[in-house]
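As stored in final.csv (CSV, C-alpha atoms and all ligand atoms):
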```csv
chain,number,residue,atom,x,y,z
A,1,MET,CA,19.5,5.3,19.1
A,2,THR,CA,17.1,5.5,16.1
A,3,ARG,CA,13.7,4.1,16.0
A,4,THR,CA,13.2,2.8,12.4
A,5,VAL,CA,10.1,1.5,10.7
A,6,VAL,CA,10.6,-0.1,7.2
A,7,CYS,CA,7.7,-0.9,4.9
A,8,LEU,CA,8.9,-3.3,2.1
A,9,ASP,CA,6.2,-2.7,-0.5
A,10,GLY,CA,4.5,-5.8,-1.8
A,11,LEU,CA,6.7,-8.3,0.1
A,12,ASP,CA,4.3,-11.2,0.1
A,13,PRO,CA,5.5,-13.8,2.7
A,14,ALA,CA,6.0,-16.3,-0.2
A,15,TYR,CA,9.0,-14.2,-1.4
A,16,LEU,CA,10.8,-14.9,1.9
A,17,ASP,CA,10.3,-18.7,1.6
A,18,ALA,CA,12.4,-18.8,-1.5
A,19,VAL,CA,15.5,-16.8,-0.5
A,20,GLU,CA,18.1,-16.7,2.3
A,21,THR,CA,17.7,-13.4,4.3
A,22,PRO,CA,20.6,-13.2,6.8
A,23,ALA,CA,19.9,-9.6,7.8
A,24,LEU,CA,16.2,-10.1,8.4
A,25,ASP,CA,17.1,-13.3,10.3
A,26,ALA,CA,19.6,-11.4,12.5
A,27,LEU,CA,17.0,-8.7,13.3
A,28,ALA,CA,14.4,-11.4,14.2
A,29,GLU,CA,17.0,-13.1,16.4
A,30,ARG,CA,17.1,-9.9,18.5
A,31,GLY,CA,13.3,-9.8,18.8
A,32,ARG,CA,10.5,-11.6,17.0
A,33,GLU,CA,9.2,-12.4,13.5
A,34,GLY,CA,5.8,-13.5,12.2
A,35,THR,CA,3.0,-12.5,10.0
A,36,CYS,CA,0.3,-9.9,10.6
A,37,GLU,CA,-2.7,-8.5,8.7
A,38,ALA,CA,-2.6,-5.5,6.4
A,39,ALA,CA,-5.5,-3.1,6.3
A,40,VAL,CA,-8.1,-3.8,3.6
A,41,PRO,CA,-8.2,-2.7,0.7
A,42,THR,CA,-4.7,-4.1,0.7
A,43,LEU,CA,-3.1,-1.1,-1.0
A,44,THR,CA,0.1,0.9,-0.6
A,45,ASN,CA,-1.5,4.2,0.5
A,46,VAL,CA,-4.0,2.6,2.9
A,47,ASN,CA,-1.3,0.6,4.7
A,48,ASN,CA,1.5,3.2,4.7
A,49,ALA,CA,-0.9,5.6,6.3
A,50,ALA,CA,-1.9,2.9,8.8
A,51,ILE,CA,1.7,2.2,9.7
A,52,THR,CA,2.8,5.8,10.0
A,53,THR,CA,-0.3,7.0,11.9
A,54,ALA,CA,-0.8,3.8,13.9
A,55,ARG,CA,-4.4,4.1,13.1
A,56,PRO,CA,-6.9,2.2,11.0
A,57,PRO,CA,-8.3,3.8,7.8
A,58,ALA,CA,-11.4,5.0,9.7
A,59,ASP,CA,-9.1,7.4,11.5
A,60,HIS,CA,-6.5,8.2,9.0
A,61,GLY,CA,-9.1,8.7,6.3
A,62,ILE,CA,-7.3,7.0,3.3
A,63,PRO,CA,-9.6,4.3,1.8
A,64,GLY,CA,-7.7,3.7,-1.4
A,65,ASN,CA,-5.8,5.5,-4.2
A,66,THR,CA,-8.8,7.4,-5.5
A,67,LEU,CA,-11.4,9.5,-3.7
A,68,PHE,CA,-14.8,10.0,-5.3
A,69,ASP,CA,-17.1,12.8,-4.3
A,70,PRO,CA,-20.6,11.7,-5.3
A,71,ASP,CA,-22.0,15.2,-4.7
A,72,ILE,CA,-20.0,16.7,-7.5
A,73,GLY,CA,-19.3,13.5,-9.4
A,74,GLU,CA,-15.5,14.1,-9.3
A,75,ARG,CA,-12.6,11.7,-8.7
A,76,GLU,CA,-9.3,12.7,-7.2
A,77,TYR,CA,-6.1,10.8,-6.8
A,78,VAL,CA,-5.0,10.5,-3.1
A,79,ARG,CA,-1.6,12.1,-3.1
A,80,SER,CA,-1.5,14.9,-0.6
A,81,ALA,CA,-1.3,15.3,3.2
A,82,GLU,CA,-4.6,17.3,2.9
A,83,HIS,CA,-6.4,14.0,2.2
A,84,ARG,CA,-5.1,12.4,5.5
A,85,GLN,CA,-7.2,12.9,8.7
A,86,ALA,CA,-4.6,11.8,11.4
A,87,ASP,CA,-1.1,13.0,12.1
A,88,THR,CA,1.8,10.6,11.4
A,89,TRP,CA,4.2,9.5,14.0
A,90,LEU,CA,7.0,11.4,12.3
A,91,GLU,CA,5.0,14.6,12.2
A,92,GLU,CA,4.3,14.3,16.0
A,93,VAL,CA,8.0,13.7,16.7
A,94,ALA,CA,9.0,16.7,14.5
A,95,ASP,CA,6.4,18.9,16.0
A,96,GLY,CA,7.7,18.0,19.5
A,97,GLY,CA,11.2,19.1,18.6
A,98,GLY,CA,12.6,15.7,17.7
A,99,ASP,CA,14.5,14.7,14.5
A,100,ALA,CA,12.2,12.7,12.1
A,101,ALA,CA,13.4,11.6,8.7
A,102,ALA,CA,11.8,9.6,5.9
A,103,ILE,CA,12.8,8.1,2.6
A,104,VAL,CA,10.2,6.8,0.2
A,105,VAL,CA,10.2,6.0,-3.5
A,106,LYS,CA,7.2,7.8,-5.0
A,107,GLU,CA,6.7,11.6,-4.5
A,108,LYS,CA,2.9,11.1,-4.0
A,109,LEU,CA,3.6,9.0,-1.0
A,110,ARG,CA,6.0,11.5,0.4
A,111,ASP,CA,3.4,14.2,0.1
A,112,LEU,CA,0.6,12.1,1.5
A,113,LEU,CA,2.5,10.9,4.5
A,114,PHE,CA,4.6,13.8,5.4
A,115,GLY,CA,3.5,17.0,3.7
A,116,GLU,CA,5.8,19.8,4.7
A,117,ARG,CA,6.2,19.0,8.4
A,118,VAL,CA,8.8,16.2,8.1
A,119,ASP,CA,12.2,16.1,6.4
A,120,ALA,CA,11.2,13.4,3.9
A,121,ALA,CA,12.7,12.7,0.5
A,122,SER,CA,11.6,10.5,-2.4
A,123,ALA,CA,13.6,8.7,-5.1
A,124,GLU,CA,11.3,10.3,-7.6
A,125,GLU,CA,12.4,13.8,-6.7
A,126,PRO,CA,15.7,13.1,-4.9
A,127,PRO,CA,17.6,15.9,-3.1
A,128,ALA,CA,21.1,16.5,-4.6
A,129,ARG,CA,22.8,15.8,-1.2
A,130,LEU,CA,21.3,12.3,-1.2
A,131,GLU,CA,22.3,11.5,-4.8
A,132,ALA,CA,25.8,12.8,-4.1
A,133,ALA,CA,26.1,10.4,-1.1
A,134,VAL,CA,24.5,7.2,-2.5
A,135,GLY,CA,24.4,7.6,-6.2
A,136,GLU,CA,21.8,8.8,-8.8
A,137,ALA,CA,18.3,7.7,-8.0
A,138,PRO,CA,17.0,5.0,-10.4
A,139,GLY,CA,13.6,5.5,-12.0
A,140,VAL,CA,10.7,4.8,-9.8
A,141,TYR,CA,9.6,2.0,-12.1
A,142,SER,CA,12.9,0.3,-11.9
A,143,GLY,CA,13.7,-2.7,-9.7
A,144,GLU,CA,16.6,-0.8,-8.2
A,145,ALA,CA,14.5,2.0,-6.7
A,146,SER,CA,13.8,0.0,-3.5
A,147,ALA,CA,17.6,-0.6,-2.9
A,148,TRP,CA,18.3,3.1,-3.5
A,149,ALA,CA,15.6,4.1,-0.9
A,150,LEU,CA,17.2,1.7,1.7
A,151,ALA,CA,20.7,3.0,0.9
A,152,ALA,CA,19.6,6.6,1.2
A,153,ALA,CA,18.0,5.7,4.6
A,154,ALA,CA,21.2,4.1,5.8
A,155,HIS,CA,23.1,7.2,4.8
A,156,VAL,CA,20.6,9.4,6.8
A,157,ARG,CA,20.8,7.0,9.7
A,158,GLU,CA,24.6,7.0,9.7
A,159,THR,CA,25.2,10.8,9.2
A,160,ARG,CA,22.3,12.3,11.1
A,161,ASP,CA,21.3,9.8,13.8
A,162,PRO,CA,17.6,10.8,13.7
A,163,ASP,CA,15.2,10.0,16.5
A,164,VAL,CA,12.8,8.3,14.2
A,165,LEU,CA,13.2,7.1,10.6
A,166,TYR,CA,10.7,5.7,8.1
A,167,VAL,CA,11.5,3.9,4.9
A,168,SER,CA,9.1,2.7,2.3
A,169,THR,CA,10.2,0.9,-0.9
A,170,THR,CA,8.2,0.1,-4.1
A,171,ASP,CA,6.5,-3.0,-5.4
A,172,VAL,CA,7.4,-3.0,-9.1
A,173,VAL,CA,9.3,-6.3,-8.8
A,174,PRO,CA,6.6,-8.4,-7.1
A,175,HIS,CA,4.0,-7.0,-9.5
A,176,LYS,CA,6.2,-8.4,-12.4
A,177,HIS,CA,7.9,-11.5,-11.0
A,178,GLU,CA,6.6,-14.4,-8.9
A,179,PRO,CA,8.3,-15.9,-6.0
A,180,GLY,CA,11.0,-18.4,-7.0
A,181,THR,CA,12.2,-16.4,-10.0
A,182,ALA,CA,15.7,-15.0,-10.3
A,183,ALA,CA,14.4,-11.4,-10.5
A,184,ALA,CA,12.4,-11.9,-7.3
A,185,ALA,CA,15.4,-13.4,-5.5
A,186,ASP,CA,17.6,-10.5,-6.6
A,187,TRP,CA,15.0,-8.1,-5.2
A,188,VAL,CA,14.7,-9.8,-1.9
A,189,GLN,CA,18.4,-10.1,-1.5
A,190,ALA,CA,18.9,-6.4,-2.3
A,191,LEU,CA,16.2,-5.5,0.3
A,192,ASP,CA,18.0,-7.8,2.8
A,193,ALA,CA,21.4,-6.2,2.1
A,194,GLY,CA,19.8,-2.8,2.4
A,195,LEU,CA,18.5,-3.7,5.9
A,196,ALA,CA,22.0,-4.9,6.9
A,197,ALA,CA,23.4,-1.5,6.1
A,198,LEU,CA,20.5,0.3,7.7
A,199,ALA,CA,20.3,-1.5,11.1
A,200,ARG,CA,22.8,-0.3,13.7
A,201,PRO,CA,23.4,-2.1,16.9
A,202,GLY,CA,21.2,-0.6,19.6
A,203,ASP,CA,18.6,0.7,17.2
A,204,GLU,CA,15.0,-0.4,17.4
A,205,LEU,CA,13.6,-1.6,14.1
A,206,VAL,CA,10.3,-2.8,12.8
A,207,VAL,CA,10.2,-4.3,9.2
A,208,THR,CA,6.8,-5.1,7.6
A,209,ALA,CA,5.0,-4.8,4.3
A,210,ASP,CA,1.9,-3.0,3.1
A,211,HIS,CA,0.3,-5.9,1.2
A,212,GLY,CA,0.9,-9.3,-0.4
A,213,MET,CA,0.6,-10.1,-4.1
A,214,SER,CA,-1.4,-12.7,-6.0
A,215,ALA,CA,-1.4,-14.0,-9.6
A,216,LYS,CA,-4.6,-12.8,-11.2
A,217,SER,CA,-6.2,-14.5,-14.2
A,218,LEU,CA,-9.7,-13.1,-14.4
A,219,CYS,CA,-10.9,-9.5,-15.0
A,220,VAL,CA,-14.4,-8.5,-14.0
A,221,ASP,CA,-16.0,-5.3,-15.5
A,222,LEU,CA,-18.2,-4.3,-12.7
A,223,PRO,CA,-19.8,-1.2,-14.4
A,224,THR,CA,-20.8,-3.4,-17.3
A,225,VAL,CA,-22.3,-6.0,-14.9
A,226,LEU,CA,-24.4,-3.3,-13.3
A,227,ALA,CA,-25.3,-1.5,-16.5
A,228,ASN,CA,-26.5,-4.8,-18.0
A,229,ALA,CA,-29.0,-5.1,-15.1
A,230,GLY,CA,-30.1,-1.5,-15.4
A,231,TYR,CA,-28.2,0.0,-12.5
A,232,ASP,CA,-26.6,3.4,-13.0
A,233,ALA,CA,-23.8,3.1,-10.5
A,234,GLU,CA,-20.4,4.6,-10.1
A,235,VAL,CA,-17.6,2.1,-9.6
A,236,VAL,CA,-14.4,3.4,-8.0
A,237,ARG,CA,-11.6,0.9,-8.3
A,238,CYS,CA,-9.6,1.4,-5.1
A,239,ILE,CA,-6.2,0.8,-6.8
A,240,ARG,CA,-6.7,3.4,-9.5
A,241,ASP,CA,-4.0,6.0,-9.5
A,242,ALA,CA,-1.6,7.9,-11.8
A,243,HIS,CA,1.0,5.1,-11.7
A,244,THR,CA,-0.3,2.4,-14.0
A,245,TYR,CA,2.9,0.7,-15.0
A,246,HIS,CA,2.9,-1.7,-12.0
A,247,HIS,CA,-0.7,-2.9,-11.9
A,248,ARG,CA,-2.5,-1.4,-14.9
A,249,ASN,CA,-5.0,-0.1,-12.4
A,250,LEU,CA,-6.3,-3.6,-12.0
A,251,GLY,CA,-6.8,-4.7,-8.4
A,252,GLY,CA,-9.2,-6.7,-6.3
A,253,ALA,CA,-11.2,-4.0,-4.5
A,254,ALA,CA,-13.8,-1.4,-5.6
A,255,TYR,CA,-16.2,1.0,-4.0
A,256,VAL,CA,-19.7,1.2,-5.5
A,257,HIS,CA,-21.8,4.4,-5.4
A,258,LEU,CA,-25.3,3.4,-6.1
A,259,ASP,CA,-27.0,6.8,-6.1
A,260,GLY,CA,-30.2,5.2,-4.6
A,261,ALA,CA,-30.2,2.1,-6.8
A,262,GLY,CA,-30.8,-0.1,-3.8
A,263,ASP,CA,-29.9,-3.4,-2.4
A,264,GLY,CA,-30.7,-5.4,-5.5
A,265,ALA,CA,-27.5,-4.2,-7.0
A,266,LEU,CA,-25.5,-5.6,-4.1
A,267,ASP,CA,-27.2,-9.0,-4.2
A,268,LEU,CA,-26.5,-9.1,-7.9
A,269,LEU,CA,-22.8,-8.3,-7.5
A,270,ALA,CA,-22.4,-10.9,-4.7
A,271,ASP,CA,-23.3,-13.6,-7.2
A,272,VAL,CA,-21.0,-12.5,-10.0
A,273,GLU,CA,-18.1,-14.8,-10.8
A,274,GLY,CA,-14.8,-13.3,-9.5
A,275,VAL,CA,-16.6,-11.4,-6.7
A,276,ASP,CA,-15.6,-12.8,-3.3
A,277,ARG,CA,-17.6,-10.6,-1.1
A,278,VAL,CA,-19.9,-7.5,-1.1
A,279,LEU,CA,-20.2,-5.5,2.1
A,280,ASP,CA,-22.5,-2.5,2.4
A,281,ARG,CA,-21.1,0.7,3.7
A,282,GLU,CA,-21.8,-0.1,7.4
A,283,ALA,CA,-20.6,-3.7,7.2
A,284,ALA,CA,-17.4,-2.6,5.4
A,285,ALA,CA,-16.7,0.2,7.8
A,286,ASP,CA,-17.2,-2.0,10.7
A,287,ARG,CA,-15.3,-5.1,9.5
A,288,TYR,CA,-12.3,-3.3,8.0
A,289,ARG,CA,-12.4,-0.1,10.0
A,290,LEU,CA,-12.9,2.1,7.0
A,291,PRO,CA,-14.0,5.7,6.8
A,292,ALA,CA,-17.8,5.3,6.1
A,293,ASP,CA,-18.1,8.7,4.4
A,294,ARG,CA,-15.4,7.9,1.8
A,295,ILE,CA,-16.4,4.4,0.6
A,296,GLY,CA,-19.6,4.9,-1.2
A,297,ASP,CA,-22.5,2.4,-0.7
A,298,ALA,CA,-20.5,-0.8,-0.8
A,299,LEU,CA,-17.1,-2.4,-0.9
A,300,VAL,CA,-16.7,-5.2,-3.4
A,301,LEU,CA,-13.8,-7.6,-2.9
A,302,GLY,CA,-12.3,-9.9,-5.5
A,303,THR,CA,-11.3,-13.5,-5.3
A,304,GLU,CA,-7.7,-14.6,-5.1
A,305,GLU,CA,-7.6,-14.8,-8.9
A,306,SER,CA,-9.7,-11.8,-9.9
A,307,VAL,CA,-9.3,-8.1,-10.5
A,308,PHE,CA,-11.7,-5.4,-11.5
A,309,GLY,CA,-11.3,-3.2,-14.5
A,310,PRO,CA,-12.7,-2.2,-17.9
A,311,ILE,CA,-12.8,-4.7,-20.8
A,312,GLY,CA,-12.4,-3.5,-24.4
A,313,GLY,CA,-13.0,0.1,-25.5
A,314,ASP,CA,-10.6,3.0,-25.5
A,315,ALA,CA,-9.6,3.4,-21.9
A,316,GLU,CA,-5.8,3.5,-21.6
A,317,THR,CA,-5.8,0.6,-19.1
A,318,ALA,CA,-8.6,-1.5,-20.6
A,319,VAL,CA,-8.1,-5.2,-20.8
A,320,ASP,CA,-8.4,-6.7,-24.3
A,321,GLY,CA,-11.8,-8.1,-25.1
A,322,ASP,CA,-15.3,-7.4,-26.3
A,323,PRO,CA,-16.6,-4.1,-24.8
A,324,GLU,CA,-19.9,-5.8,-24.0
A,325,ALA,CA,-18.2,-8.6,-22.1
A,326,THR,CA,-18.4,-8.7,-18.3
A,327,HIS,CA,-15.4,-11.1,-17.9
A,328,ALA,CA,-12.0,-11.5,-19.6
A,329,THR,CA,-8.9,-13.5,-19.1
A,330,VAL,CA,-5.9,-11.6,-17.9
A,331,GLY,CA,-2.4,-12.5,-16.7
A,332,LEU,CA,-0.8,-10.2,-14.1
A,333,ARG,CA,0.1,-10.0,-10.4
A,334,SER,CA,-1.8,-7.6,-8.2
A,335,HIS,CA,-3.4,-6.9,-4.8
A,336,GLY,CA,-6.2,-5.0,-3.2
A,337,SER,CA,-8.4,-7.8,-2.1
A,338,ALA,CA,-8.5,-9.6,1.3
A,339,HIS,CA,-6.4,-12.4,-0.2
A,340,GLU,CA,-3.3,-10.2,-0.1
A,341,ARG,CA,-3.8,-9.4,3.6
A,342,THR,CA,-1.1,-11.5,5.2
A,343,VAL,CA,2.3,-9.8,5.4
A,344,PRO,CA,5.6,-10.6,7.2
A,345,TYR,CA,7.0,-8.6,10.1
A,346,VAL,CA,10.2,-8.5,12.2
A,347,THR,CA,10.6,-6.5,15.4
A,348,THR,CA,13.8,-6.1,17.3
A,349,THR,CA,11.9,-5.1,20.4
A,350,GLY,CA,10.1,-8.4,20.6
A,351,ALA,CA,6.7,-6.8,20.2
A,352,ALA,CA,4.1,-8.8,18.4
A,353,LEU,CA,2.1,-7.3,15.5
A,354,ASP,CA,-1.5,-8.2,14.8
A,355,SER,CA,-1.8,-5.8,12.0
A,356,THR,CA,0.2,-3.1,10.2
A,357,VAL,CA,-1.5,-0.5,12.5
A,358,ASP,CA,0.6,-1.9,15.3
A,359,ALA,CA,4.0,-1.4,13.6
A,360,ARG,CA,4.7,2.1,15.0
A,361,ARG,CA,3.8,1.2,18.5
A,362,ALA,CA,6.3,-1.7,18.3
A,363,VAL,CA,9.2,0.8,18.2
A,364,SER,CA,7.9,4.0,19.8
A,365,GLY,CA,7.1,2.5,23.1
A,366,ARG,CA,4.1,4.6,23.6
A,367,GLU,CA,0.4,4.7,22.6
B,1,ZN,ZN,2.3,-1.4,-2.2
```

Take the structure in this file and express it as structure tokens.
Ligand SMILES: [Zn+2]
Amino acid sequence: MTRTVVCLDGLDPAYLDAVETPALDALAERGREGTCEAAVPTLTNVNNAAITTARPPADHGIPGNTLFDPDIGEREYVRSAEHRQADTWLEEVADGGGDAAAIVVKEKLRDLLFGERVDAASAEEPPARLEAAVGEAPGVYSGEASAWALAAAAHVRETRDPDVLYVSTTDVVPHKHEPGTAAAADWVQALDAGLAALARPGDELVVTADHGMSAKSLCVDLPTVLANAGYDAEVVRCIRDAHTYHHRNLGGAAYVHLDGAGDGALDLLADVEGVDRVLDREAAADRYRLPADRIGDALVLGTEESVFGPIGGDAETAVDGDPEATHATVGLRSHGSAHERTVPYVTTTGAALDSTVDARRAVSGRE
């Protein structure tokens, strides 16, 4: 019997309304289905770490895709197990002599979640034995990468019968295609077919997602807003990473390092169009169980329609517009804010999930 947790990246519940999913339905028939809350910021790293450690960001230490050290003024992409502050379920099982296996799409996620302690593989740097078994891994920016990850996991399940198995797909399709489109339907049906091949009778499975996805129409340039009011602040967009194809580094959450600029800056931000909510460090850490020493002085969350990013200028990912402007029109699908918090889940054990942090416990049967 294998205990399997599957994270279907970016599977907003709206995608399931539009398509028949016989495999997911069959799993739900064995147990339970519903929706639960992803951790905020609603990002891949934050929630994959929450799912695999069964702990909130305050404990696992991953507050986003970028870490900023105000003491030395340097930013670093989150991509290594060294950044994580709690063990994953799979590391614990492997350390205890059990067989733990994982398949993810991006190499950065493999390194972050599993380091060297778990036999984990990515579609980005696929082992030859997996490609020989399930075919050449498609590019990590392709719509087929998720189906490949599930097929590779099914192969591992079938041939090796691991004690625990983790699978995480990629969200390139929901970033590019809204629910109801043919491309979105193809993606969901491929995920469902992948689950049908992965799930063996008698196995325990939990299937959930790391975040939803919203159509975004407004970009807000927070550094320009602050600079116009005389504040010299550092704005760290939580989604910012080395993979810009999906979301152009535009998401609905940012940490603000004020360097002593004071509360006036937070009041100012709270009134800006496209800003849903501003929480100071303590309030953000308390409400969203975030690591207080890694989130700067405040968390700024966008509305359902807004993202944060640079407007005009030379930055590779800048939105078209006047470099002096604080707002610009955009058209993309993204996440990061509290509006992408609701995600679907299915458990074969019948366990209910309140949040993605509960996913591991729903199969492992222990605290
Ligand atoms: Zn994701």

Next item on the list: Give the residue list for ligand ZN 1 (chain B) at 8 Å, counting only C-alpha atoms and all ligand atoms, as a VMD selection string, sorted by chain and then by residue number.
Entry: chain A and resid 9 to 10 43 to 45 170 to 171 209 to 211

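Distances to Arg160 in chain A were evaluated for A:Gly296, A:Asp119, A:Val78, A:Asp186 using only C-alpha atoms, and the minimum falls at A:Asp119.
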
Note to self: With distances taken over only C-alpha atoms, which residue among A:Ala145, A:Ala265, A:Leu112, A:Val167 lies nearest Leu205 in chain A?
What the structure shows: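 Closest residue, counting only C-alpha atoms: A:Val167.
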
Margin query: What does the structure give for the distance between CA of Val118 in chain A and CA of Val207 in chain A, in Å to one decimal?
Written below: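 CA of Val207 in chain A lies 20.6 Å from CA of Val118 in chain A.
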
Check: Could you name the residues that touch range 22-35 of chain A at 10 Å or less, counting all atoms listed in the file, but leaving out those on the same chain fewer than 3 positions away, as a VMD selection string?
Finding: chain A and resid 13 16 19 38 189 191 to 199 201 204 to 209 341 to 356

Check: So how far away is CA of Glu304 in chain A from CA of Thr52 in chain A, in Å?
Finding: 27.5 Å

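What separates CA of Arg117 in chain A from CA of Val104 in chain A is a distance of 15.2 Å.
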
Check: What would the list of residues within 10 Å of (14.2, 2.9, 10.3) (file frame) look like as a PyMOL selection string, if only C-alpha atoms are what count?
Finding: chain A and resi 2-7+101-103+150+153-154+156-157+162-168+195+198-200+203-207+363

Item checked: Among the residues A:Ile51, A:Leu266, A:Ala253, A:Ala132, the one that comes closest to Tyr231 in chain A [using only C-alpha atoms] ->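 With only C-alpha atoms as the atom set, the closest residue is A:Leu266.
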
Check: Do you know which residues are at most 8 Å from Arg110 in chain A counting only C-alpha atoms, after dropping those on the same chain fewer than 5 positions away, and could you put them as a PyMOL selection string?
Finding: chain A and resi 103-105+115+120-122

What does the file look like for those residues with C-alpha atoms, as a short mmCIF file (atom, residue, chain, number, x, y, z; two decimals), in the coordinates of the input?
```cif
data_model
loop_
_atom_site.label_atom_id
_atom_site.label_comp_id
_atom_site.auth_asym_id
_atom_site.auth_seq_id
_atom_site.Cartn_x
_atom_site.Cartn_y
_atom_site.Cartn_z
CA ILE A 103 12.80 8.10 2.60
CA VAL A 104 10.20 6.80 0.20
CA VAL A 105 10.20 6.00 -3.50
CA GLY A 115 3.50 17.00 3.70
CA ALA A 120 11.20 13.40 3.90
CA ALA A 121 12.70 12.70 0.50
CA SER A 122 11.60 10.50 -2.40
#
```

Write out, as JSON lines, each residue of range 128-244 of chain A that has an atom at most 8 Å from range 60-69 of chain A, together with the closest pair of atoms and their distance in Å to one decimal, counting only C-alpha atoms, rows going by chain and rising number.
```
{"residue": "A:Val236", "atom": "CA", "partner": "A:Phe68", "partner_atom": "CA", "distance": 7.1}
{"residue": "A:Arg237", "atom": "CA", "partner": "A:Thr66", "partner_atom": "CA", "distance": 7.6}
{"residue": "A:Cys238", "atom": "CA", "partner": "A:Gly64", "partner_atom": "CA", "distance": 4.8}
{"residue": "A:Ile239", "atom": "CA", "partner": "A:Asn65", "partner_atom": "CA", "distance": 5.4}
{"residue": "A:Arg240", "atom": "CA", "partner": "A:Asn65", "partner_atom": "CA", "distance": 5.8}
{"residue": "A:Asp241", "atom": "CA", "partner": "A:Asn65", "partner_atom": "CA", "distance": 5.6}
```

Please produce, as a Markdown table, a per-residue contact table for range 199-248 of chain A versus range 316-335 of chain A (criterion: any atom at most 12 Å away, all atoms listed in the file considered), showing the nearest atom pair and its distance in Å to one decimal, sorted by chain then residue number.
```
| residue | atom | partner | partner_atom | distance |
| --- | --- | --- | --- | --- |
| A:Asp210 | CA | A:His335 | CA | 10.3 |
| A:His211 | CA | A:His335 | CA | 7.1 |
| A:Gly212 | CA | A:His335 | CA | 6.6 |
| A:Met213 | CA | A:His335 | CA | 5.2 |
| A:Ser214 | CA | A:Arg333 | CA | 5.4 |
| A:Ala215 | CA | A:Arg333 | CA | 4.3 |
| A:Lys216 | CA | A:Leu332 | CA | 5.4 |
| A:Ser217 | CA | A:Val330 | CA | 4.7 |
| A:Leu218 | CA | A:Thr329 | CA | 4.8 |
| A:Cys219 | CA | A:Ala328 | CA | 5.1 |
| A:Val220 | CA | A:His327 | CA | 4.8 |
| A:Asp221 | CA | A:Thr326 | CA | 5.0 |
| A:Leu222 | CA | A:Thr326 | CA | 7.1 |
| A:Pro223 | CA | A:Thr326 | CA | 8.6 |
| A:Thr224 | CA | A:Thr326 | CA | 5.9 |
| A:Val225 | CA | A:Thr326 | CA | 5.8 |
| A:Leu226 | CA | A:Thr326 | CA | 9.5 |
| A:Ala227 | CA | A:Thr326 | CA | 10.1 |
| A:Asn228 | CA | A:Glu324 | CA | 9.0 |
| A:Ala229 | CA | A:Thr326 | CA | 11.6 |
| A:Arg237 | CA | A:His335 | CA | 11.8 |
| A:Cys238 | CA | A:His335 | CA | 10.4 |
| A:Ile239 | CA | A:His335 | CA | 8.4 |
| A:Arg240 | CA | A:Thr317 | CA | 10.0 |
| A:Asp241 | CA | A:Thr317 | CA | 11.2 |
| A:Ala242 | CA | A:Thr317 | CA | 11.1 |
| A:His243 | CA | A:Thr317 | CA | 11.0 |
| A:Thr244 | CA | A:Thr317 | CA | 7.7 |
| A:Tyr245 | CA | A:Thr317 | CA | 9.6 |
| A:His246 | CA | A:Ser334 | CA | 8.4 |
| A:His247 | CA | A:Ser334 | CA | 6.1 |
| A:Arg248 | CA | A:Thr317 | CA | 5.7 |
```

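Residue nearest Asp263 in chain A, chosen from A:Gly313, A:Asp297, A:Gly97, A:Ala284 and counting all atoms listed in the file: A:Asp297.
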
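Minimum atom-to-atom distance to Ala233 in chain A, evaluated using all atoms listed in the file, belongs to A:Asp259 out of A:Asp271, A:Glu37, A:Asp358, A:Asp259.
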